[in-house]
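A.B. asks: Here you go, this is upload_38.cif (mmCIF, C-alpha atoms).
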data_input
loop_
_atom_site.label_atom_id
_atom_site.label_comp_id
_atom_site.auth_asym_id
_atom_site.auth_seq_id
_atom_site.Cartn_x
_atom_site.Cartn_y
_atom_site.Cartn_z
CA MET A 274 -42.71 -44.11 27.48
CA LEU A 275 -39.56 -42.27 26.34
CA GLN A 276 -40.14 -38.51 26.13
CA LEU A 277 -38.52 -36.74 23.20
CA PRO A 278 -36.27 -33.70 23.93
CA ILE A 279 -37.98 -30.32 23.79
CA ASP A 280 -37.11 -28.33 20.64
CA LEU A 281 -37.07 -24.89 22.23
CA LEU A 282 -36.40 -23.02 19.01
CA ARG A 283 -39.39 -24.61 17.31
CA GLN A 284 -41.46 -23.83 20.39
CA GLY A 285 -40.65 -20.14 19.96
CA LEU A 286 -37.58 -19.48 22.12
CA LYS A 287 -36.20 -15.95 21.58
CA LEU A 288 -33.06 -14.06 22.54
CA SER A 289 -35.14 -12.06 25.01
CA HIS A 290 -35.87 -15.29 26.90
CA LEU A 291 -32.15 -16.09 27.01
CA ARG A 292 -31.29 -12.60 28.25
CA LEU A 293 -33.89 -12.80 31.02
CA ALA A 294 -32.73 -16.25 32.11
CA ALA A 295 -29.08 -15.11 32.15
CA ALA A 296 -30.01 -12.07 34.25
CA LEU A 297 -32.01 -14.18 36.71
CA GLY A 298 -29.04 -16.55 36.92
CA GLU A 299 -27.06 -13.72 38.50
CA GLY A 300 -29.30 -14.03 41.55
CA VAL A 301 -31.35 -10.89 40.98
CA GLY A 302 -35.12 -10.53 41.15
CA ILE A 303 -37.56 -9.88 38.35
CA SER A 304 -37.48 -6.09 38.81
CA VAL A 305 -33.68 -5.88 38.73
CA ALA A 306 -33.56 -8.25 35.73
CA ALA A 307 -36.12 -6.02 33.97
CA ASN A 308 -33.91 -2.96 34.57
CA LYS A 309 -30.86 -4.78 33.18
CA LEU A 310 -32.80 -5.63 30.04
CA GLY A 311 -34.35 -2.17 29.73
CA ILE A 312 -37.94 -3.45 29.94
CA THR A 313 -40.79 -3.09 32.41
CA GLN A 314 -41.34 -5.52 35.27
CA PRO A 315 -44.66 -6.79 33.78
CA ALA A 316 -42.85 -7.46 30.50
CA ALA A 317 -40.15 -9.41 32.38
CA SER A 318 -42.80 -11.42 34.25
CA ARG A 319 -44.50 -12.20 30.96
CA LEU A 320 -41.18 -13.44 29.46
CA ALA A 321 -40.63 -15.63 32.52
CA SER A 322 -44.10 -17.16 32.13
CA GLU A 323 -43.49 -17.77 28.42
CA LEU A 324 -40.17 -19.44 29.23
CA GLU A 325 -41.81 -21.78 31.72
CA ARG A 326 -44.43 -22.69 29.14
CA LEU A 327 -41.75 -23.38 26.50
CA CYS A 328 -39.73 -25.51 28.91
CA GLY A 329 -42.77 -27.32 30.27
CA THR A 330 -41.53 -26.97 33.84
CA ASN A 331 -41.08 -24.38 36.58
CA ILE A 332 -37.86 -22.41 36.24
CA TYR A 333 -38.29 -20.40 39.44
CA THR A 334 -40.29 -20.38 42.66
CA ARG A 335 -41.48 -17.42 44.67
CA THR A 336 -40.08 -16.99 48.17
CA GLY A 337 -40.38 -14.37 50.87
CA ARG A 338 -37.26 -12.69 49.46
CA GLY A 339 -38.51 -12.64 45.86
CA ILE A 340 -37.80 -15.55 43.48
CA GLU A 341 -35.40 -18.45 43.46
CA LEU A 342 -34.42 -20.46 40.37
CA THR A 343 -35.17 -24.16 40.35
CA GLU A 344 -32.54 -26.68 39.32
CA ALA A 345 -33.93 -26.56 35.76
CA GLY A 346 -33.91 -22.76 35.92
CA ARG A 347 -30.28 -22.62 37.10
CA ASN A 348 -29.16 -24.97 34.34
CA PHE A 349 -31.05 -23.01 31.72
CA ALA A 350 -29.69 -19.70 33.02
CA HIS A 351 -26.11 -21.06 32.85
CA ARG A 352 -26.55 -22.25 29.27
CA SER A 353 -28.31 -19.00 28.29
CA ALA A 354 -25.35 -16.96 29.54
CA ARG A 355 -22.97 -19.19 27.57
CA VAL A 356 -25.01 -18.87 24.37
CA LEU A 357 -25.11 -15.08 24.73
CA ARG A 358 -21.32 -14.99 25.23
CA GLU A 359 -20.84 -17.07 22.08
CA ILE A 360 -23.08 -14.72 20.12
CA GLY A 361 -21.15 -11.74 21.47
CA ASP A 362 -17.84 -13.38 20.56
CA ALA A 363 -19.13 -14.09 17.06
CA GLY A 364 -20.04 -10.44 16.64
CA ARG A 365 -16.59 -9.33 17.78
CA GLU A 366 -14.89 -11.80 15.45
CA ILE A 367 -16.95 -10.58 12.50
CA ASN A 368 -16.03 -7.00 13.38
CA GLU A 369 -12.32 -7.87 13.75
CA ILE A 370 -12.27 -9.74 10.46
CA GLY A 371 -13.94 -6.79 8.74
CA GLN A 372 -11.30 -4.44 10.13
CA GLY A 373 -8.38 -6.74 9.32
CA LEU A 374 -7.71 -7.44 13.01
CA SER A 375 -8.00 -11.22 12.70
CA GLY A 376 -8.10 -13.95 10.08
CA GLN A 377 -5.76 -16.30 8.20
CA VAL A 378 -3.12 -14.90 5.82
CA THR A 379 -0.67 -16.97 3.79
CA PHE A 380 1.96 -15.27 1.66
CA GLY A 381 5.13 -16.30 -0.12
CA SER A 382 8.61 -14.88 -0.47
CA VAL A 383 11.90 -15.62 -2.13
CA THR A 384 14.62 -16.13 0.46
CA GLY A 385 16.31 -12.72 0.55
CA PRO A 386 13.22 -10.56 1.15
CA SER A 387 11.87 -13.13 3.62
CA ILE A 388 14.83 -12.35 5.89
CA ASP A 389 15.11 -8.60 5.29
CA TYR A 390 11.40 -7.69 5.19
CA ALA A 391 9.05 -10.55 6.01
CA ILE A 392 10.58 -11.47 9.38
CA PRO A 393 10.62 -7.88 10.79
CA SER A 394 7.05 -7.37 9.55
CA ILE A 395 5.81 -10.61 11.13
CA ARG A 396 7.49 -9.70 14.41
CA ARG A 397 5.58 -6.40 14.58
CA LEU A 398 2.33 -8.01 13.40
CA ARG A 399 2.48 -10.55 16.24
CA LEU A 400 2.52 -7.64 18.70
CA SER A 401 -0.08 -5.41 17.02
CA TYR A 402 -2.41 -8.04 15.51
CA PRO A 403 -2.09 -11.22 17.61
CA ASN A 404 -5.34 -12.64 16.21
CA ILE A 405 -4.06 -12.72 12.62
CA SER A 406 -2.74 -16.20 11.85
CA ILE A 407 0.17 -15.97 9.40
CA GLY A 408 1.71 -18.62 7.16
CA ILE A 409 4.70 -18.00 4.90
CA GLU A 410 5.99 -20.12 2.01
CA VAL A 411 9.67 -19.52 1.18
CA ALA A 412 10.51 -20.78 -2.29
CA ALA A 413 11.72 -19.78 -5.76
CA SER A 414 9.66 -17.33 -7.80
CA ASP A 415 8.31 -19.95 -10.22
CA VAL A 416 6.96 -22.01 -7.32
CA LEU A 417 5.39 -18.98 -5.65
CA ILE A 418 3.73 -17.79 -8.87
CA SER A 419 2.20 -21.25 -9.32
CA LEU A 420 0.85 -21.15 -5.76
CA LEU A 421 -0.62 -17.69 -6.44
CA GLN A 422 -2.31 -18.97 -9.57
CA GLU A 423 -3.78 -21.86 -7.58
CA GLY A 424 -5.17 -19.44 -4.98
CA ARG A 425 -3.02 -20.89 -2.20
CA LEU A 426 -1.26 -17.59 -1.43
CA ASP A 427 -2.72 -14.15 -0.78
CA PHE A 428 0.36 -12.45 -2.26
CA ALA A 429 4.08 -13.06 -2.73
CA LEU A 430 7.41 -11.24 -2.66
CA CYS A 431 8.92 -12.59 -5.85
CA ARG A 432 9.44 -12.09 -9.56
CA ILE A 433 7.15 -13.09 -12.41
CA PRO A 434 9.04 -15.58 -14.62
CA PRO A 435 9.34 -14.60 -18.31
CA ASN A 436 7.19 -17.55 -19.43
CA VAL A 437 4.20 -16.37 -17.33
CA ASP A 438 1.58 -13.84 -18.49
CA ALA A 439 2.29 -10.82 -16.28
CA SER A 440 -1.13 -9.30 -17.05
CA ARG A 441 -2.69 -11.88 -14.73
CA PHE A 442 -1.04 -10.21 -11.75
CA ARG A 443 -0.84 -6.88 -9.95
CA GLN A 444 2.64 -5.81 -8.93
CA ILE A 445 4.13 -3.31 -6.50
CA PRO A 446 7.80 -3.09 -7.59
CA LYS A 447 10.37 -3.17 -4.82
CA LEU A 448 14.15 -3.56 -4.80
CA GLU A 449 16.94 -5.33 -6.57
CA GLU A 450 18.40 -8.24 -4.64
CA PRO A 451 22.21 -8.01 -4.34
CA ILE A 452 24.26 -11.21 -4.45
CA SER A 453 27.26 -12.05 -2.27
CA PHE A 454 29.80 -14.87 -2.46
CA VAL A 455 30.26 -16.89 0.71
CA ALA A 456 33.04 -19.26 1.73
CA ARG A 457 34.24 -21.05 4.84
CA LYS A 458 36.19 -19.22 7.49
CA GLY A 459 39.89 -19.60 6.64
CA HIS A 460 39.27 -19.94 2.89
CA PRO A 461 42.26 -18.79 0.76
CA LEU A 462 40.15 -15.91 -0.62
CA ALA A 463 38.96 -14.81 2.83
CA LYS A 464 42.15 -12.97 3.78
CA PRO A 465 41.79 -9.59 5.57
CA ASP A 466 41.74 -6.56 3.25
CA PHE A 467 41.84 -8.83 0.20
CA VAL A 468 39.58 -8.16 -2.80
CA ALA A 469 39.08 -11.28 -4.88
CA SER A 470 39.06 -10.80 -8.63
CA THR A 471 36.60 -12.60 -10.90
CA ASP A 472 39.45 -14.84 -12.10
CA ALA A 473 40.30 -15.72 -8.51
CA LEU A 474 36.69 -16.72 -7.83
CA LEU A 475 36.68 -18.94 -10.91
CA LEU A 476 39.61 -20.98 -9.58
CA TYR A 477 37.30 -22.67 -7.06
CA ASP A 478 34.27 -24.93 -7.22
CA TRP A 479 30.96 -23.07 -7.26
CA ILE A 480 27.80 -24.30 -5.55
CA ILE A 481 24.98 -22.76 -7.56
CA PRO A 482 21.26 -23.31 -8.33
CA LYS A 483 20.05 -25.28 -11.35
CA PRO A 484 20.06 -23.77 -14.89
CA GLY A 485 17.11 -21.50 -15.61
CA THR A 486 16.77 -20.15 -12.06
CA ILE A 487 16.89 -16.37 -11.73
CA LEU A 488 20.03 -16.32 -9.58
CA ARG A 489 21.99 -18.59 -11.93
CA THR A 490 20.79 -16.77 -15.05
CA THR A 491 21.82 -13.45 -13.51
CA VAL A 492 25.28 -14.70 -12.53
CA GLU A 493 25.86 -16.24 -15.97
CA ARG A 494 24.81 -12.98 -17.67
CA ALA A 495 27.16 -10.96 -15.45
CA LEU A 496 30.02 -13.34 -16.28
CA ARG A 497 29.34 -13.05 -20.01
CA HIS A 498 29.67 -9.28 -19.72
CA LYS A 499 33.21 -9.99 -18.54
CA ASN A 500 33.74 -12.58 -21.30
CA LYS A 501 33.84 -15.33 -18.68
CA ASP A 502 31.96 -18.60 -18.17
CA LEU A 503 31.00 -20.50 -15.06
CA PRO A 504 33.86 -22.62 -13.69
CA GLN A 505 33.93 -26.13 -15.11
CA ARG A 506 33.55 -27.58 -11.64
CA THR A 507 30.11 -26.65 -10.33
CA LEU A 508 27.73 -28.43 -8.02
CA THR A 509 24.05 -27.74 -8.60
CA THR A 510 21.54 -27.63 -5.75
CA SER A 511 18.46 -25.61 -4.82
CA SER A 512 18.93 -26.19 -1.08
CA TYR A 513 20.38 -23.37 0.99
CA LEU A 514 21.14 -25.79 3.83
CA PHE A 515 23.06 -28.15 1.54
CA THR A 516 24.85 -25.18 -0.05
CA LEU A 517 26.01 -23.89 3.34
CA ALA A 518 27.02 -27.38 4.49
CA LEU A 519 29.23 -27.76 1.40
CA VAL A 520 30.70 -24.29 1.86
CA ARG A 521 31.57 -25.08 5.48
CA GLN A 522 33.33 -28.35 4.62
CA THR A 523 35.08 -27.58 1.31
CA ASN A 524 36.86 -24.80 -0.56
CA GLY A 525 33.78 -24.33 -2.69
CA ILE A 526 32.16 -20.88 -2.83
CA ALA A 527 28.54 -19.98 -3.42
CA PRO A 528 26.67 -16.94 -4.74
CA ILE A 529 23.60 -16.35 -2.55
CA ALA A 530 21.32 -13.45 -1.67
CA SER A 531 23.27 -10.89 0.38
CA SER A 532 20.61 -10.81 3.12
CA VAL A 533 20.94 -14.59 3.53
CA ALA A 534 24.72 -14.31 3.48
CA ARG A 535 24.67 -11.63 6.20
CA SER A 536 22.37 -13.76 8.33
CA PHE A 537 24.66 -16.79 8.26
CA ALA A 538 27.87 -14.76 8.57
CA SER A 539 26.78 -12.88 11.70
CA ASP A 540 26.09 -15.59 14.29
CA VAL A 541 26.07 -14.68 17.96
CA GLY A 542 29.53 -13.76 19.20
CA ASN A 543 30.87 -13.54 15.66
CA GLN A 544 31.64 -17.26 15.80
CA SER A 545 30.19 -18.08 12.39
CA ASP A 546 32.18 -20.42 10.17
CA ILE A 547 30.73 -18.69 7.08
CA VAL A 548 32.26 -15.48 5.72
CA ILE A 549 31.30 -13.08 2.95
CA LEU A 550 34.07 -12.64 0.43
CA THR A 551 35.08 -9.16 -0.68
CA THR A 552 35.10 -9.29 -4.47
CA GLU A 553 35.22 -7.04 -7.53
CA PHE A 554 32.43 -9.10 -9.08
CA SER A 555 29.21 -7.15 -8.40
CA VAL A 556 25.90 -8.89 -9.14
CA SER A 557 22.29 -7.99 -8.39
CA VAL A 558 19.21 -9.96 -9.33
CA GLU A 559 16.45 -8.01 -11.10
CA PRO A 560 13.94 -6.20 -8.83
CA TYR A 561 11.32 -8.30 -7.12
CA ALA A 562 7.81 -7.09 -6.33
CA LEU A 563 4.81 -7.65 -4.12
CA VAL A 564 2.71 -9.75 -6.49
CA MET A 565 -1.04 -10.45 -6.26
CA SER A 566 -3.54 -12.10 -8.60
CA ALA A 567 -5.20 -9.45 -10.76
CA ASP A 568 -8.71 -10.92 -10.34
CA THR A 569 -8.61 -11.49 -6.56
CA GLU A 570 -9.43 -9.00 -3.82
CA LEU A 571 -7.33 -9.30 -0.68
CA THR A 572 -9.10 -9.96 2.59
CA PRO A 573 -8.90 -7.20 5.25
CA ALA A 574 -6.39 -9.31 7.20
CA ALA A 575 -4.23 -9.79 4.09
CA GLU A 576 -4.40 -6.03 3.45
CA THR A 577 -3.17 -5.49 7.00
CA VAL A 578 -0.18 -7.82 6.53
CA LEU A 579 0.60 -6.35 3.10
CA GLY A 580 0.48 -2.84 4.57
CA GLU A 581 2.94 -3.78 7.31
CA ILE A 582 5.39 -5.23 4.78
CA ASN A 583 5.07 -2.06 2.70
CA ARG A 584 5.88 0.02 5.79
CA THR A 585 8.98 -2.12 6.36
CA PHE A 586 10.14 -1.32 2.83
CA GLU A 587 9.45 2.40 3.32
CA ASN A 588 11.33 2.51 6.63
CA GLU A 589 14.28 0.74 5.03
CA GLN A 590 14.34 3.24 2.16
CA LYS A 591 14.27 6.16 4.61
CA SER A 592 17.15 4.73 6.63
CA VAL A 593 19.20 4.23 3.45
CA ALA A 594 18.44 7.79 2.29
#
Just give me the structure of the file as structure tokens.

C.D. replies:
Amino acid sequence: MLQLPIDLLRQGLKLSHLRLAAALGEGVGISVAANKLGITQPAASRLASELERLCGTNIYTRTGRGIELTEAGRNFAHRSARVLREIGDAGREINEIGQGLSGQVTFGSVTGPSIDYAIPSIRRLRLSYPNISIGIEVAASDVLISLLQEGRLDFALCRIPPNVDASRFRQIPKLEEPISFVARKGHPLAKPDFVASTDALLLYDWIIPKPGTILRTTVERALRHKNKDLPQRTLTTSSYLFTLALVRQTNGIAPIASSVARSFASDVGNQSDIVILTTEFSVSVEPYALVMSADTELTPAAETVLGEINRTFENEQKSVA
């Protein structure tokens, strides 16, 4: 007749039984095992008897040198030690999560701050908090705000669009985002010691984001202050990669975040085919902020990541001062 497996927990198995079995599995006798557990030898003997009753078989035999585990006893001792390690690991994980030392954090950033602040912060976090798993979504502010509202981001480095209720968010204001114009190496406006006027910029095709985006709105506003309009020949795209590919292969120029421009214009060995134009046309996008949902508390791990990004901002401000 098939015998059903023993349900040890229902039979009354306790952690003290597991601890005793794990100790005995180290090849020590009852008295030494009792000392390791901080109990008396009679108490350890009683636990061993209870364990044999629960298992329905002998887990050890007595020999002239003390006791020796049976095959069933050795297997049970091995599994007991593994269970105790798992419980210990669970306790450490709970403690680390509570202290912000581990966990999953996903945040968003517009492109400029992701290069200037998110990347240096992540680099330090990987060294100091290797058990925090980090995801970053790089996108436009309207996309990031939607992701925040859906609960898919812990926080974001972005701006709250004018059509969104700002009271639904908490903000830590940061910096304006300067804009630079980039062109291919050898472009007619990329001559040494040459400062391109606004009129000179307008002679060329512009590669620029779609209408309504913050960068385009800012550039258009700055041009209006000079009684100018965008050039008639513009190519609209939201892709940085496509923008840079066009800049490399044409005489078109593109306004992009200065941090992004510096990144692509400073390749190893100064061999980049992208250059930053020196111009009289100064543009900065309105300040961005660290944005969080007003009704959501950050996890300890998210607080840790947010704190590191804040320290990056502070260090940058000190170096500028």

A.B. asks: Report the closest atom pair, with its distance in Å rounded to one decimal, for each residue of stretch 347-434 of chain A that has an atom no farther than 12 Å from stretch 511-514 of chain A; count all atoms listed in the file, sort by chain and then rising residue number, and write it as CSV.

C.D. replies:
residue,atom,partner,partner_atom,distance
A:Val383,CA,A:Tyr513,CA,11.9
A:Thr384,CA,A:Tyr513,CA,9.3
A:Gly385,CA,A:Tyr513,CA,11.4
A:Val411,CA,A:Tyr513,CA,11.4
A:Ala412,CA,A:Ser511,CA,9.6
A:Ala413,CA,A:Ser511,CA,9.0

A.B. asks: How many Å separate atom CA of A:Ser382 from atom CA of A:Cys431?

C.D. replies: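 Separation of atom CA of A:Ser382 and atom CA of A:Cys431: 5.9 Å.
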
A.B. asks: List as CSV every residue of stretch 296-415 of chain A that is in contact with stretch 518-541 of chain A, defined as an atom at most 12 Å from one of its atoms (using only C-alpha atoms), together with the nearest atom pair and the distance in Å rounded to one decimal, sorted by chain and then rising number.

C.D. replies:
residue,atom,partner,partner_atom,distance
A:Val383,CA,A:Ala530,CA,9.7
A:Thr384,CA,A:Val533,CA,7.2
A:Gly385,CA,A:Ser532,CA,5.4
A:Pro386,CA,A:Ser532,CA,7.7
A:Ser387,CA,A:Ser532,CA,9.1
A:Ile388,CA,A:Ser532,CA,6.6
A:Asp389,CA,A:Ser532,CA,6.3
A:Tyr390,CA,A:Ser532,CA,9.9
A:Ala391,CA,A:Ser532,CA,11.9
A:Ile392,CA,A:Ser532,CA,11.8

A.B. asks: Give me a file of those residues, with C-alpha atoms, as a tab-separated table (two decimals), in the coordinates of the input.

C.D. replies:
chain	number	residue	atom	x	y	z
A	383	VAL	CA	11.90	-15.62	-2.13
A	384	THR	CA	14.62	-16.13	0.46
A	385	GLY	CA	16.31	-12.72	0.55
A	386	PRO	CA	13.22	-10.56	1.15
A	387	SER	CA	11.87	-13.13	3.62
A	388	ILE	CA	14.83	-12.35	5.89
A	389	ASP	CA	15.11	-8.60	5.29
A	390	TYR	CA	11.40	-7.69	5.19
A	391	ALA	CA	9.05	-10.55	6.01
A	392	ILE	CA	10.58	-11.47	9.38

A.B. asks: So which one's closest to A:Phe380, A:His351, A:Ser453, A:Leu571, A:Thr343? Using all atoms listed in the file, please.

C.D. replies: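 Using all atoms listed in the file, A:Phe380 sits closest to A:Leu571.
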
A.B. asks: Could you work out how far atom CA of A:Ala456 lies from atom CA of A:Ile549, giving the answer in Å with one decimal?

C.D. replies: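 Distance reported for this atom pair: 6.5 Å.
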
A.B. asks: Write out as a PyMOL selection string the residues lying within 12 Å of A:Lys464, counting only C-alpha atoms and excluding same-chain residues fewer than 6 positions away.

C.D. replies: chain A and resi 456-458+548-552

A.B. asks: Go through the shown structure with the PyMOL selection byres ((chain A and resi 442) around 12) and write out the matching residues as a PyMOL selection string.

C.D. replies: chain A and resi 418-419+421-422+427-429+431-434+437-441+443-445+562-570

A.B. asks: Applied to the shown file, which residues does the PyMOL selection byres ((chain A and resi 478) around 7) return, written as a PyMOL selection string?

C.D. replies: chain A and resi 477+479-480+504+506-507+525-526

A.B. asks: At what distance in Å, to one decimal, does atom CA of A:Leu291 lie from atom CA of A:Gly329?

C.D. replies: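 About the pair atom CA of A:Gly329 and atom CA of A:Leu291: they are 15.8 Å apart.
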
A.B. asks: So, with all atoms listed in the file as the atoms that count, which of A:Gly424, A:Gly302, A:Asn583, A:Val455 lies closest to A:Glu341?

C.D. replies: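 Of the candidates, the smallest distance to A:Glu341 is held by A:Gly302.
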
A.B. asks: Pull the neighbourhood of (-40.3, -14.7, 44.5) for me: all residues within 12 Å in file coordinates, counting all atoms listed in the file, as a PyMOL selection string.

C.D. replies: chain A and resi 297+300-304+318+332-343

A.B. asks: Give me, as a PyMOL selection string, all polymer residues having an atom no more than 8 Å from A:Leu281, counting all atoms listed in the file and skipping those fewer than 5 positions away in the same chain.

C.D. replies: chain A and resi 286+327-328

A.B. asks: Which of these residues is nearest to A:Ile407, using all atoms listed in the file: A:Asn588, A:Thr330, A:Asn348, A:Thr379?

C.D. replies: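 Between A:Asn588, A:Thr330, A:Asn348, A:Thr379, the residue approaching A:Ile407 most closely is A:Thr379.
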
A.B. asks: Translate the PyMOL selection byres ((chain A and resi 503) around 12) into a concrete residue list for this structure, as number ranges by chain.

C.D. replies: A: 471-472, 474-481, 484, 489-497, 499-502, 504-509, 527-528

A.B. asks: Rank A:Gly285, A:Pro560, A:Pro573, A:Gly311 by their smallest atom-to-atom distance to A:Lys447, using only C-alpha atoms, and report the top residue only.

C.D. replies: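 That would be A:Pro560, the residue with the smallest distance to A:Lys447.
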
A.B. asks: Once you add 4 Å to each side, what are the centre and edge lengths of the axis-aligned box holding all listed atoms of stretch 278-290 of chain A? One decimal in Å, as lines of an AutoDock Vina configuration file, if you can.

C.D. replies:
center_x = -37.3
center_y = -22.9
center_z = 22.1
size_x = 16.4
size_y = 29.6
size_z = 17.6

A.B. asks: When distances are computed from all atoms listed in the file, which of A:Leu398, A:Leu426, A:Ala350, A:Ala316 shows the smallest separation from A:Arg584?

C.D. replies: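 Going through A:Leu398, A:Leu426, A:Ala350, A:Ala316 one by one, the smallest distance to A:Arg584 is for A:Leu398.
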